[in-house]
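Report on the following structure.
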Amino acid sequence: FVLLWLKGTGLDLLLTVGVGWLIWRMVTARRLLTCLAGWLVVCGLTVGYVAVAPLVIDPWFQKTTRLADRDLEARLLAIAARGGVPATEVWVAEASRRTRSANASFNGFAGTRRIVVYDTLLENFSEPEVAAVVAHEAGHWRRHHIAWGVGWGLLAAGVGMALAWVLVRRWERQSGRQARRTPSLVIPGYALYVLVLTASMPVANGISRHLEQSADRDALVLSQDRDAVVAALVRL
């Protein structure tokens with residue numbers, strides 16, 4: 001557990017410092033075009049991270065093995081196929097080492113080829129309930145919720161960075177100082193970010209709830225087992 005915590009903390013620190021430094025360089029750039037170019041770099045890095053993290057980073061935190069139950073694998077792949085997920089294998093993640101939650105996911109950002117289920121899901125849920133959870137995730141996939149979420153998030157980040165750039169330019173004109181030589185600006189800048197993020201949470205939560213309900217409805221269709229879907233959702 002300690003090793004997992006150290007890995008997670010180290011990775012979070014690395015990402016926070018790296019992304020934070022890049023954002024700071026963008027909003028303090030002399031030209032807005034430079035800021036927008038940096039935003040495009042952030043977009044590329046984000047999409048790349050979402051695509052490769054399940055295949056490259058997740059194995060650092062949990063062991064993943066092929067599902068031994070071929071009958072269950074065939075059932076889950078059939079559900080995925082009905083949802084338009086191009087999966088060919090089902091793998092089991094040893095998530096019990098770091099969490100008690102049960103979940104399933106599809107690896108990759110586009111053209112995924114693998115379904116991953118938590119060992120906690122297999123151990124604590126019945127086979128129909130496992131199928132219902134996978135059907136729920138397939139519902140997210142078929143409606144492109146992940147892609148839409150990443151896209152809208154990056155768009156909002158771009159607008160936020162542009163507005164931050166405008167505020168920084170105004171501060172420089174009024175103070176006669178250069179923002180890049182005033183690192184203390186990071187503190188009020190981060191406070192403003194937290195304030196905006198907190199204010200937007202009700203809207204974000206409402207959108208998230210709508211997406212989850214949409215995936216729940218798809219789970220009913222894809223799993224063809226209403227009782228299992230209801231039971232799985234109640235337990236989750």
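Scheme for the structure tokens: letters A, B, ... for chains in order shown; per-chain residue numbers from 1; ligand numbers from 1 in order shown.
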
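Across region 20-220 of chain A, DSSP run on the backbone finds strand (DSSP E or B) at A:Thr64, A:Thr65, A:Arg66, A:Glu89, A:Val90, A:Trp91, A:Val92, A:Ala93, A:Ala104, A:Ser105, A:Phe106, A:Arg114, A:Ile115, A:Val116, A:Val117, A:Tyr118.
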
Shell of 12 Å around Glu172 (chain A), only C-alpha atoms, local chain residues under 4 positions omitted, as a ChimeraX atom specification: /A:27-30,165-168,176-182,185

Could you save those same residues with C-alpha atoms as a tab-separated table (two decimals), in the first residue's frame?
chain	number	residue	atom	x	y	z
A	27	VAL	CA	-0.71	32.89	-19.56
A	28	THR	CA	2.41	35.02	-19.09
A	29	ALA	CA	3.42	34.88	-22.77
A	30	ARG	CA	3.76	38.21	-24.55
A	165	TRP	CA	-3.85	35.89	-20.34
A	166	VAL	CA	-6.03	39.01	-20.66
A	167	LEU	CA	-6.06	39.50	-16.87
A	168	VAL	CA	-2.29	39.11	-16.68
A	176	GLY	CA	4.33	48.23	-14.65
A	177	ARG	CA	5.79	44.85	-13.72
A	178	GLN	CA	6.34	41.60	-15.62
A	179	ALA	CA	4.26	38.64	-14.54
A	180	ARG	CA	7.00	36.10	-15.22
A	181	ARG	CA	9.22	37.90	-12.74
A	182	THR	CA	6.47	37.87	-10.13
A	185	LEU	CA	1.01	35.77	-8.74

Of the listed residues A:Arg100, A:His145, A:Arg75, A:Arg25, that which approaches Gln213 (chain A) most closely, counting only C-alpha atoms: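 Answer, going by the shortest atom-to-atom distance: A:His145.
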
Secondary structure check, helix (DSSP H, G or I) residues of region 77-154 of chain A, as a VMD selection string: chain A and resid 77 to 82 95 to 97 119 to 124 127 to 142 145 to 154

Counting only C-alpha atoms, the option among A:Thr88, A:Ser184, A:Ser208, A:Gln62 closest to Ile115 (chain A):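 Among the listed residues, A:Thr88 lies closest to Ile115 (chain A).
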
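Atom pair CA of Ile57 (chain A) / CA of Ala93 (chain A): separated by 12.8 Å.
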
Who sits within 7 Å of region 116-123 of chain A, only C-alpha atoms, same chain under 6 positions skipped, as a list in words: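 The neighbour list is Val90, Trp91, Val92, Ala93, Glu94, Ala95, Ser96, Arg100, Ser101, Ala102, Asn103, Ala104, Ser105, Phe106 and Val130 of chain A.
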
Any chance you could export the current selection's C-alpha atoms as a compact mmCIF listing (two decimals), in the first residue's frame?
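To be explicit, this is the file written out as result20.txt:
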# COMPACT_ATOMS: atom_id res chain seq x y z
CA VAL A 90 -11.37 -9.19 -21.25
CA TRP A 91 -8.73 -8.62 -18.59
CA VAL A 92 -8.90 -8.47 -14.80
CA ALA A 93 -7.19 -5.67 -12.87
CA GLU A 94 -5.96 -6.42 -9.36
CA ALA A 95 -7.61 -3.26 -8.02
CA SER A 96 -8.26 -4.73 -4.57
CA ARG A 100 -12.70 -1.53 -2.49
CA SER A 101 -14.74 -0.02 -5.30
CA ALA A 102 -15.95 -2.16 -8.21
CA ASN A 103 -15.70 -0.95 -11.78
CA ALA A 104 -14.99 -1.80 -15.39
CA SER A 105 -13.50 0.17 -18.28
CA PHE A 106 -12.39 0.05 -21.90
CA VAL A 130 -20.87 -7.88 -13.83

Contact residues around Ala80 (chain A) with only C-alpha atoms at 10 Å, ignoring same-chain residues under 3 positions, as a ChimeraX atom specification: /A:74-77,83-88,106,115,131,134-139,141-142,222-223

Among the residues A:Asp71, A:Gly48, A:Val150, A:Thr16, the one that comes closest to Glu127 (chain A) [using only C-alpha atoms]: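 Among the listed residues, A:Asp71 lies closest to Glu127 (chain A).
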
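Of the residues under consideration (A:Tyr193, A:Met161, A:Ala156, A:Ala51), A:Met161 shows the shortest atom-to-atom contact distance to Leu22 (chain A) when counting only C-alpha atoms.
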
For Ala228 (chain A): contacts at 10 Å, only C-alpha atoms, fewer than 3 positions along chain excluded, given as a PyMOL selection string: chain A and resi 125-133+219-220+223-225+231-234

Selection to disk with C-alpha atoms, as an mmCIF file, in the first residue's frame:
data_model
loop_
_atom_site.group_PDB
_atom_site.id
_atom_site.type_symbol
_atom_site.label_atom_id
_atom_site.label_comp_id
_atom_site.auth_asym_id
_atom_site.auth_seq_id
_atom_site.Cartn_x
_atom_site.Cartn_y
_atom_site.Cartn_z
ATOM 1 C CA PHE A 125 -20.958 -9.193 -7.807
ATOM 2 C CA SER A 126 -22.884 -11.936 -9.570
ATOM 3 C CA GLU A 127 -22.177 -12.704 -13.222
ATOM 4 C CA PRO A 128 -25.341 -10.914 -14.440
ATOM 5 C CA GLU A 129 -24.383 -7.872 -12.356
ATOM 6 C CA VAL A 130 -20.870 -7.880 -13.826
ATOM 7 C CA ALA A 131 -22.435 -7.951 -17.273
ATOM 8 C CA ALA A 132 -24.698 -5.048 -16.290
ATOM 9 C CA VAL A 133 -21.707 -2.933 -15.204
ATOM 10 C CA ALA A 219 -27.256 -0.826 -19.911
ATOM 11 C CA LEU A 220 -30.871 -1.998 -19.796
ATOM 12 C CA SER A 223 -27.508 -6.379 -21.016
ATOM 13 C CA GLN A 224 -31.135 -7.401 -21.659
ATOM 14 C CA ASP A 225 -31.413 -8.013 -17.906
ATOM 15 C CA ALA A 231 -29.208 -4.686 -8.519
ATOM 16 C CA ALA A 232 -25.765 -3.582 -9.764
ATOM 17 C CA LEU A 233 -26.641 0.120 -9.667
ATOM 18 C CA VAL A 234 -28.013 -0.168 -6.134
#

Separation of CA of Ile146 (chain A) from CA of Gly20 (chain A) in Å: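 For CA of Gly20 (chain A) relative to CA of Ile146 (chain A), the distance reads 23.5 Å.
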
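Distances from A:Arg98, A:Arg31, A:Trp24, A:Ala81 to Lys7 (chain A) were compared using only C-alpha atoms, and the smallest one belongs to A:Arg98.
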